[in-house]
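Take a look at the structure below.
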Amino acid sequence: MTESKSALYREAILEHSRHPRNQGRLEAPDARAVAHNPLCGDELEMMLALAEGNIRELRYLARGCSIVIASASLMSEAVTGQATARAAQLGRAFRAVIEGRAEALPAELAACAPLEAVRQRPSRIRCALLPWEALADCLSEDGDREAGG
Amino acid sequence: MSDTGLDTASIRRDFPILKREIGGHPLTYLDNAATTQKPRAVIDALVDFYEHHNANVHRGVHTLSEEATALYEGARVKAAGFLGACDPGSIIFTRGTTESINLVAQGWARQNLRSGDEILLSEMEHHSNIIPWQIAARETGAVLRYIPVTDEGLLDMDEAGRMITEKTALLALTHTSNVLGTINPVADLIRLARSRGALVLLDAAQGVPRQPLDVTALDCDFLACSGHKMLAPTGIGVLYGKPELLERMEPPSGGGGMIRQVWREGADWREPPWRFEPGTPDISGAVGLGVALDYLSALGLQRVQAHEAALTRQALRGLEAIPGVTVYGPSGGVARGGVVSFNVDGVHPHDVAQVLDEVGVAVRAGHHCCQLLMKRLGVAATVRLSFAPYNDAADVERLLRGIGRVKEVFGDDGEQKRALP
């Protein structure tokens with residue numbers, strides 16, 4: 001192995017894990033969900049502020065590895081401002097690529113490309129998906145609430 | 001030859017997998033508390049069984065069935081000898097430690113526990129020595145209590161002395177912690193439990209591979225261990241039980257091979273151990289276990305113990321010298337098994353393990369199925385290294401160099417450096 005940075009720990013991932021964007025708490029979130037990884041005890045709480053069907057603000061608190069944090073940070077930049085329906089679509093598209101069922105990430109997720117390296121590391125796939133699971137829960141919770149009137 | 005009397009160079013040649021490279025680096029396998037690698041003799045024994053002796057046991061009069069039965073029961077005799085059990089009938093083959101403990105929880109406990117009886121565990125138990133008792137307690141109304149762990153990672157013996165009372169029906173305790181390497185003073189605790197009328201089950205999954213244990217001398221009532229953590233194949237384990245307890249114990253599950261006769265309304269059981277082995281057992285696994293025990297016996301468990309203690313000292317010294325590394329568990333001079341948990345400040349254990357893997361070093365990262373202990377230590381997870389007879393000083397050096405690499409990948413940032421003490 002060379003002394004270069006490893007395939008998984010590309011600079012973009014390390015940089016986001018050191019300086020996560022949008023980390024923190026929303027005082028009165030419109031949607032909130034917690035995702036767990038029972039294999040390692042990692043935990044991520046996601047909070048959304050919604051306005052007119054869009055994600056106005058997104059914050060999260062995480063106890064996780066660099067992949068969890070970087071994935072949450074990259075996701076937060078990609079979905080803030082998006083319509084909730086589009087954000088849910090992006091989540092499904094991201095999962096499909098990370099799980100190897102699709103090749104190309106949607107343009108909005110171009111910055112998430114370094115996370116594709118977890119495809120070579122199946123034990124870390126769950127880490128990359130954890131924030132997206134929390135987001136999907138938030139959005140379905142929101143959907144339920146709207147459906148329930 | 002190591003200074004503890006194990007010829008590791010020769011031992012390493014017995015383990016084919018150690019020739020593997022991981023990403024161009026020699027494999028440094030330090031995840032032995034999860035499962036050990038297997039020597040050529042064990043692998044060959046499996047092939048030999050299937051090529052020459054394969055048949056079901058206790059079922060046929062034909063030659064192969066006689067041979068398979070002799071090999072299977074021969075492994076039981078070896079296991080009894082290895083554990084110091086006088087009677088091979090006290091050795092039940094199971095799938096592993098987990099199934100062994102469940103067998104006692106579903107067989108002995110459900111039959112004998114009454115509402116209000118106490119099952120005493122400790123905060124350092126593996127989930128496999130917690131969950132079966134939670135299930136048994138729910139079914140019987142028994143109460144679970146936990147002996148606390150001190151800041152140093154030892155059992156709080158003062159508390160243990162207070163908590164073992166006439167109400168204690170069973171003390172179920174790990175012999176050697178799979179996270180901290182702590183070796184519990186089980187002989188003292190067994191005497192104490194005995195004096196107050198409690199039975200004792202030892203979870204010896206980490207203890208049996210690492211030091212000589214003798215169930216007769218210890219006078220424990222049950223002991224559970226796994227083959228795959230001591231050079232044998234996965235899928236085979238042992239429950240030792242005192243013959244007089246097994247004799248009165250109901251089988252928690254039923255099937256072929258465990259009965260004397262069956263009539264429409266019921267059946268009567270064969271004697272132990274067969275009463276507890278319904279269905280076709282893991283015959284080749286048992287044969288492999290027997291060969292693994294022969295291999296370990298030839299090395300000598302006392303030498304294995306001294307060898308792992310030397311590697312553990314080397315690892316502790318090396319880890320404690322690295323700034324920003326926190327080591328958990330007993331320190332300086334306290335006897336511990338070949339298991340060490342640590343964390344690198346500001347780096348998640350998964351990331352530590354991943355970077356170590358990139359230089360060929362296999363360690364475990366996570367909660368190690370010990371969430372109660374993680375809470376007690378105030379961490380979500382740790383990195384764990386654990387030794388086997390084939391590990392040597394070079395393995396420890398590669399691990400320590402690997403941690404240097406971890407710090408290089410994750411620590412070359414101002415923010416990160418400020419997190420260090």
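Following the order of the structure tokens, chains are lettered A, B, ..., residues in each are numbered from 1, and ligands are numbered from 1.
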
>> Within 10 Å of chain B, which residues belong to chain A? Use only C-alpha atoms and report them as a ChimeraX atom specification.
In response: /A:1-11,14-15,17-19,38-43,63-67,121,123-124,127

Suppose we keep N, CA and C atoms; can you now write the selection as a PDB file, in the first residue's frame?
ATOM      1  N   MET A   1       0.838  -1.191   0.000  1.00  0.00           N
ATOM      2  CA  MET A   1       0.000   0.000   0.000  1.00  0.00           C
ATOM      3  C   MET A   1       0.881   1.252   0.000  1.00  0.00           C
ATOM      4  N   THR A   2       0.439   2.258  -0.715  1.00  0.00           N
ATOM      5  CA  THR A   2       1.211   3.489  -0.758  1.00  0.00           C
ATOM      6  C   THR A   2       0.923   4.287   0.505  1.00  0.00           C
ATOM      7  N   GLU A   3       1.657   5.367   0.662  1.00  0.00           N
ATOM      8  CA  GLU A   3       1.437   6.206   1.843  1.00  0.00           C
ATOM      9  C   GLU A   3       0.345   7.251   1.587  1.00  0.00           C
ATOM     10  N   SER A   4      -0.295   7.160   0.419  1.00  0.00           N
ATOM     11  CA  SER A   4      -1.370   8.123   0.141  1.00  0.00           C
ATOM     12  C   SER A   4      -2.554   7.819   1.053  1.00  0.00           C
ATOM     13  N   LYS A   5      -3.471   8.754   1.095  1.00  0.00           N
ATOM     14  CA  LYS A   5      -4.690   8.532   1.873  1.00  0.00           C
ATOM     15  C   LYS A   5      -5.398   7.286   1.339  1.00  0.00           C
ATOM     16  N   SER A   6      -6.049   6.579   2.231  1.00  0.00           N
ATOM     17  CA  SER A   6      -6.676   5.335   1.808  1.00  0.00           C
ATOM     18  C   SER A   6      -7.895   5.632   0.940  1.00  0.00           C
ATOM     19  N   ALA A   7      -8.354   4.589   0.241  1.00  0.00           N
ATOM     20  CA  ALA A   7      -9.468   4.750  -0.692  1.00  0.00           C
ATOM     21  C   ALA A   7     -10.719   5.248   0.024  1.00  0.00           C
ATOM     22  N   LEU A   8     -10.947   4.746   1.225  1.00  0.00           N
ATOM     23  CA  LEU A   8     -12.152   5.128   1.948  1.00  0.00           C
ATOM     24  C   LEU A   8     -12.024   6.534   2.537  1.00  0.00           C
ATOM     25  N   TYR A   9     -10.853   6.800   3.076  1.00  0.00           N
ATOM     26  CA  TYR A   9     -10.688   8.081   3.777  1.00  0.00           C
ATOM     27  C   TYR A   9     -10.121   9.147   2.842  1.00  0.00           C
ATOM     28  N   ARG A  10     -10.867   9.434   1.783  1.00  0.00           N
ATOM     29  CA  ARG A  10     -10.475  10.518   0.884  1.00  0.00           C
ATOM     30  C   ARG A  10     -10.575  11.836   1.625  1.00  0.00           C
ATOM     31  N   GLU A  11      -9.850  12.803   1.123  1.00  0.00           N
ATOM     32  CA  GLU A  11      -9.779  14.099   1.810  1.00  0.00           C
ATOM     33  C   GLU A  11     -11.177  14.695   2.039  1.00  0.00           C
ATOM     34  N   LEU A  14     -12.720  13.047   5.039  1.00  0.00           N
ATOM     35  CA  LEU A  14     -12.051  13.462   6.279  1.00  0.00           C
ATOM     36  C   LEU A  14     -12.411  14.908   6.616  1.00  0.00           C
ATOM     37  N   GLU A  15     -12.448  15.735   5.594  1.00  0.00           N
ATOM     38  CA  GLU A  15     -12.711  17.165   5.818  1.00  0.00           C
ATOM     39  C   GLU A  15     -14.127  17.342   6.390  1.00  0.00           C
ATOM     40  N   SER A  17     -15.850  15.089   7.989  1.00  0.00           N
ATOM     41  CA  SER A  17     -15.972  14.477   9.313  1.00  0.00           C
ATOM     42  C   SER A  17     -15.326  15.361  10.381  1.00  0.00           C
ATOM     43  N   ARG A  18     -14.332  16.139   9.971  1.00  0.00           N
ATOM     44  CA  ARG A  18     -13.698  17.052  10.941  1.00  0.00           C
ATOM     45  C   ARG A  18     -14.509  18.321  11.131  1.00  0.00           C
ATOM     46  N   HIS A  19     -15.127  18.772  10.050  1.00  0.00           N
ATOM     47  CA  HIS A  19     -15.868  20.040  10.096  1.00  0.00           C
ATOM     48  C   HIS A  19     -17.272  19.804   9.572  1.00  0.00           C
ATOM     49  N   PRO A  38     -27.352  -0.969  15.415  1.00  0.00           N
ATOM     50  CA  PRO A  38     -27.225  -1.859  16.578  1.00  0.00           C
ATOM     51  C   PRO A  38     -25.897  -2.621  16.582  1.00  0.00           C
ATOM     52  N   LEU A  39     -25.237  -2.691  15.427  1.00  0.00           N
ATOM     53  CA  LEU A  39     -23.981  -3.431  15.370  1.00  0.00           C
ATOM     54  C   LEU A  39     -22.880  -2.718  16.133  1.00  0.00           C
ATOM     55  N   CYS A  40     -22.910  -1.378  16.133  1.00  0.00           N
ATOM     56  CA  CYS A  40     -21.805  -0.651  16.761  1.00  0.00           C
ATOM     57  C   CYS A  40     -22.280   0.358  17.785  1.00  0.00           C
ATOM     58  N   GLY A  41     -23.609   0.522  17.925  1.00  0.00           N
ATOM     59  CA  GLY A  41     -24.105   1.469  18.917  1.00  0.00           C
ATOM     60  C   GLY A  41     -24.138   2.907  18.426  1.00  0.00           C
ATOM     61  N   ASP A  42     -23.819   3.122  17.142  1.00  0.00           N
ATOM     62  CA  ASP A  42     -23.875   4.489  16.620  1.00  0.00           C
ATOM     63  C   ASP A  42     -25.325   4.966  16.573  1.00  0.00           C
ATOM     64  N   GLU A  43     -25.476   6.292  16.688  1.00  0.00           N
ATOM     65  CA  GLU A  43     -26.806   6.862  16.813  1.00  0.00           C
ATOM     66  C   GLU A  43     -26.808   8.233  16.160  1.00  0.00           C
ATOM     67  N   ARG A  63     -23.582  10.373  17.146  1.00  0.00           N
ATOM     68  CA  ARG A  63     -22.478   9.669  17.795  1.00  0.00           C
ATOM     69  C   ARG A  63     -22.094   8.598  16.770  1.00  0.00           C
ATOM     70  N   GLY A  64     -21.049   8.850  16.031  1.00  0.00           N
ATOM     71  CA  GLY A  64     -20.737   7.905  14.963  1.00  0.00           C
ATOM     72  C   GLY A  64     -19.324   8.063  14.444  1.00  0.00           C
ATOM     73  N   CYS A  65     -18.996   7.183  13.513  1.00  0.00           N
ATOM     74  CA  CYS A  65     -17.655   7.185  12.925  1.00  0.00           C
ATOM     75  C   CYS A  65     -17.558   8.271  11.864  1.00  0.00           C
ATOM     76  N   SER A  66     -16.399   8.405  11.257  1.00  0.00           N
ATOM     77  CA  SER A  66     -16.169   9.462  10.270  1.00  0.00           C
ATOM     78  C   SER A  66     -17.103   9.317   9.075  1.00  0.00           C
ATOM     79  N   ILE A  67     -17.471   8.076   8.748  1.00  0.00           N
ATOM     80  CA  ILE A  67     -18.339   7.878   7.586  1.00  0.00           C
ATOM     81  C   ILE A  67     -19.754   8.377   7.891  1.00  0.00           C
ATOM     82  N   ARG A 121     -16.529  -1.956   0.992  1.00  0.00           N
ATOM     83  CA  ARG A 121     -16.434  -2.254   2.431  1.00  0.00           C
ATOM     84  C   ARG A 121     -17.835  -2.464   2.981  1.00  0.00           C
ATOM     85  N   SER A 123     -19.187  -3.740   5.385  1.00  0.00           N
ATOM     86  CA  SER A 123     -19.478  -3.507   6.807  1.00  0.00           C
ATOM     87  C   SER A 123     -19.699  -2.023   7.094  1.00  0.00           C
ATOM     88  N   ARG A 124     -19.287  -1.148   6.159  1.00  0.00           N
ATOM     89  CA  ARG A 124     -19.453   0.289   6.405  1.00  0.00           C
ATOM     90  C   ARG A 124     -20.640   0.891   5.660  1.00  0.00           C
ATOM     91  N   CYS A 127     -23.066   2.571   7.811  1.00  0.00           N
ATOM     92  CA  CYS A 127     -22.607   3.869   8.337  1.00  0.00           C
ATOM     93  C   CYS A 127     -23.009   4.985   7.383  1.00  0.00           C
TER      94      CYS A 127
END

> Which polymer residues have any atom within 12 Å of an atom of Ser284 (chain B), counting only C-alpha atoms, with same-chain residues fewer than 3 positions away left out, as a PyMOL selection string?
Replying inline: chain B and resi 42-57+68-75+93+232-236+280-281+287-291

Just write the chosen residues, C-alpha atoms, as a JSON list (two decimals), in the first residue's frame.
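Result saved to part_9.json:
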[["chain", "number", "residue", "atom", "x", "y", "z"],
["B", 42, "VAL", "CA", -8.00, -29.38, 12.45],
["B", 43, "ILE", "CA", -8.72, -28.59, 8.80],
["B", 44, "ASP", "CA", -7.31, -31.99, 7.78],
["B", 45, "ALA", "CA", -9.43, -33.73, 10.43],
["B", 46, "LEU", "CA", -12.60, -32.30, 8.88],
["B", 47, "VAL", "CA", -11.58, -33.45, 5.40],
["B", 48, "ASP", "CA", -10.50, -36.85, 6.72],
["B", 49, "PHE", "CA", -13.81, -37.31, 8.49],
["B", 50, "TYR", "CA", -15.85, -36.58, 5.38],
["B", 51, "GLU", "CA", -13.53, -38.56, 3.09],
["B", 52, "HIS", "CA", -13.25, -41.68, 5.24],
["B", 53, "HIS", "CA", -15.66, -41.90, 8.18],
["B", 54, "ASN", "CA", -18.79, -39.89, 7.47],
["B", 55, "ALA", "CA", -22.01, -41.40, 8.82],
["B", 56, "ASN", "CA", -24.59, -40.52, 11.43],
["B", 57, "VAL", "CA", -23.83, -41.35, 15.05],
["B", 68, "ALA", "CA", -18.23, -41.91, 13.29],
["B", 69, "THR", "CA", -19.71, -42.72, 16.72],
["B", 70, "ALA", "CA", -16.29, -43.66, 18.09],
["B", 71, "LEU", "CA", -14.79, -40.40, 16.76],
["B", 72, "TYR", "CA", -17.66, -38.29, 18.13],
["B", 73, "GLU", "CA", -17.65, -39.91, 21.56],
["B", 74, "GLY", "CA", -13.85, -39.86, 21.53],
["B", 75, "ALA", "CA", -14.02, -36.07, 21.17],
["B", 93, "PHE", "CA", -21.97, -30.79, 22.78],
["B", 232, "ALA", "CA", -11.68, -25.63, 16.49],
["B", 233, "PRO", "CA", -14.33, -25.16, 13.78],
["B", 234, "THR", "CA", -17.34, -22.89, 14.23],
["B", 235, "GLY", "CA", -20.59, -24.57, 15.23],
["B", 236, "ILE", "CA", -19.35, -26.73, 18.09],
["B", 280, "THR", "CA", -27.99, -35.09, 14.34],
["B", 281, "PRO", "CA", -25.16, -33.25, 16.07],
["B", 287, "VAL", "CA", -14.04, -34.33, 15.75],
["B", 288, "GLY", "CA", -12.31, -31.05, 14.85],
["B", 289, "LEU", "CA", -12.71, -29.86, 18.43],
["B", 290, "GLY", "CA", -11.03, -32.99, 19.72],
["B", 291, "VAL", "CA", -8.06, -32.39, 17.41]]

List the neighbours of His126 (chain B) out to 10 Å using only C-alpha atoms; skip same-chain residues closer than 6 positions along the sequence, and give me the result as a PDB file with N, CA and C atoms, in the first residue's frame.
ATOM      1  N   THR B  98     -23.099 -19.616  23.593  1.00  0.00           N
ATOM      2  CA  THR B  98     -24.459 -19.057  23.653  1.00  0.00           C
ATOM      3  C   THR B  98     -25.484 -20.167  23.852  1.00  0.00           C
ATOM      4  N   LEU B 173     -21.423 -15.988  35.645  1.00  0.00           N
ATOM      5  CA  LEU B 173     -20.332 -15.020  35.619  1.00  0.00           C
ATOM      6  C   LEU B 173     -19.323 -15.381  34.542  1.00  0.00           C
ATOM      7  N   THR B 174     -18.771 -14.339  33.924  1.00  0.00           N
ATOM      8  CA  THR B 174     -17.717 -14.592  32.959  1.00  0.00           C
ATOM      9  C   THR B 174     -16.406 -14.900  33.688  1.00  0.00           C
ATOM     10  N   SER B 177     -13.099 -11.510  30.971  1.00  0.00           N
ATOM     11  CA  SER B 177     -13.884 -10.526  30.211  1.00  0.00           C
ATOM     12  C   SER B 177     -13.436 -10.481  28.757  1.00  0.00           C
ATOM     13  N   ASN B 178     -14.409 -10.520  27.851  1.00  0.00           N
ATOM     14  CA  ASN B 178     -14.082 -10.468  26.423  1.00  0.00           C
ATOM     15  C   ASN B 178     -13.740  -9.055  25.964  1.00  0.00           C
ATOM     16  N   VAL B 179     -13.894  -8.072  26.863  1.00  0.00           N
ATOM     17  CA  VAL B 179     -13.553  -6.690  26.511  1.00  0.00           C
ATOM     18  C   VAL B 179     -12.279  -6.243  27.218  1.00  0.00           C
ATOM     19  N   ASP B 203     -19.171 -18.550  32.330  1.00  0.00           N
ATOM     20  CA  ASP B 203     -19.024 -18.308  30.895  1.00  0.00           C
ATOM     21  C   ASP B 203     -17.510 -18.268  30.655  1.00  0.00           C
ATOM     22  N   ALA B 205     -15.924 -18.753  27.726  1.00  0.00           N
ATOM     23  CA  ALA B 205     -15.612 -18.654  26.295  1.00  0.00           C
ATOM     24  C   ALA B 205     -14.203 -18.085  26.084  1.00  0.00           C
ATOM     25  N   HIS B 367     -19.159  -2.608  20.356  1.00  0.00           N
ATOM     26  CA  HIS B 367     -19.482  -2.754  21.786  1.00  0.00           C
ATOM     27  C   HIS B 367     -19.209  -4.171  22.274  1.00  0.00           C
ATOM     28  N   HIS B 368     -18.777  -5.037  21.368  1.00  0.00           N
ATOM     29  CA  HIS B 368     -18.365  -6.390  21.732  1.00  0.00           C
ATOM     30  C   HIS B 368     -19.470  -7.154  22.463  1.00  0.00           C
ATOM     31  N   CYS B 369     -20.735  -6.855  22.118  1.00  0.00           N
ATOM     32  CA  CYS B 369     -21.873  -7.505  22.786  1.00  0.00           C
ATOM     33  C   CYS B 369     -21.830  -7.288  24.286  1.00  0.00           C
ATOM     34  N   CYS B 370     -21.345  -6.128  24.708  1.00  0.00           N
ATOM     35  CA  CYS B 370     -21.253  -5.803  26.141  1.00  0.00           C
ATOM     36  C   CYS B 370     -21.748  -4.383  26.367  1.00  0.00           C
ATOM     37  N   GLN B 371     -23.014  -4.127  26.046  1.00  0.00           N
ATOM     38  CA  GLN B 371     -23.488  -2.748  26.148  1.00  0.00           C
ATOM     39  C   GLN B 371     -23.523  -2.260  27.596  1.00  0.00           C
ATOM     40  N   LEU B 372     -23.779  -3.169  28.554  1.00  0.00           N
ATOM     41  CA  LEU B 372     -23.791  -2.725  29.960  1.00  0.00           C
ATOM     42  C   LEU B 372     -22.404  -2.256  30.374  1.00  0.00           C
ATOM     43  N   LEU B 373     -21.391  -2.995  29.931  1.00  0.00           N
ATOM     44  CA  LEU B 373     -20.013  -2.613  30.279  1.00  0.00           C
ATOM     45  C   LEU B 373     -19.626  -1.312  29.568  1.00  0.00           C
TER      46      LEU B 373
END

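Within region 78-132 of chain A, residues classed as alpha helix (DSSP H) by DSSP on backbone coordinates are Ala78, Val79, Thr84, Ala85, Arg86, Ala87, Ala88, Gln89, Leu90, Gly91, Arg92, Ala93, Phe94, Arg95, Ala96, Val97, Ile98, Ile125, Arg126, Cys127, Ala128, Leu129, Leu130, Pro131 and Trp132 of chain A.
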
> Which is closer to Ser331 (chain B) than all the others in B:Gly285, B:Pro212, B:Gly255, B:Gly153, using only C-alpha atoms?
Replying inline: B:Gly153

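Using only C-alpha atoms for every distance, the candidate list A:Ile69, A:Ile125, A:Leu48, A:Leu135 yields A:Leu135 as the residue closest to Leu90 (chain A).
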
> So which residues touch Met47 (chain A) within 10 Å, counting only C-alpha atoms, skipping near sequence neighbours fewer than 6 positions away, as a PyMOL selection string?
Replying inline: chain A and resi 24-34+57-61+134-135+138

Keeping only C-alpha atoms, write the selected residues to a file as an mmCIF file, in the first residue's frame.
data_model
loop_
_atom_site.group_PDB
_atom_site.id
_atom_site.type_symbol
_atom_site.label_atom_id
_atom_site.label_comp_id
_atom_site.auth_asym_id
_atom_site.auth_seq_id
_atom_site.Cartn_x
_atom_site.Cartn_y
_atom_site.Cartn_z
ATOM 1 C CA GLY A 24 -26.594 20.862 15.881
ATOM 2 C CA ARG A 25 -30.144 21.005 17.115
ATOM 3 C CA LEU A 26 -33.384 22.635 16.023
ATOM 4 C CA GLU A 27 -35.446 23.849 18.946
ATOM 5 C CA ALA A 28 -38.881 23.155 17.449
ATOM 6 C CA PRO A 29 -38.389 20.775 14.521
ATOM 7 C CA ASP A 30 -41.290 19.941 12.244
ATOM 8 C CA ALA A 31 -39.938 16.408 11.939
ATOM 9 C CA ARG A 32 -37.490 14.452 14.025
ATOM 10 C CA ALA A 33 -36.154 10.910 13.882
ATOM 11 C CA VAL A 34 -33.382 8.850 15.452
ATOM 12 C CA GLU A 57 -33.355 23.686 7.611
ATOM 13 C CA LEU A 58 -31.757 20.410 8.623
ATOM 14 C CA ARG A 59 -29.725 19.709 11.765
ATOM 15 C CA TYR A 60 -28.409 16.505 13.289
ATOM 16 C CA LEU A 61 -26.589 15.232 16.350
ATOM 17 C CA ALA A 134 -33.049 9.120 9.754
ATOM 18 C CA LEU A 135 -34.031 11.501 6.968
ATOM 19 C CA CYS A 138 -38.390 12.202 9.256
#

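Here CA of Val334 (chain B) stands at a distance of 27.3 Å from CA of Gly227 (chain B).
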
>> For the structure I just gave you, how does DSSP split chain A - specifically, which residues are strand (DSSP E or B)? Reply as a PyMOL selection string.
In response: chain A and resi 23+31-37+42-51+54-63+83
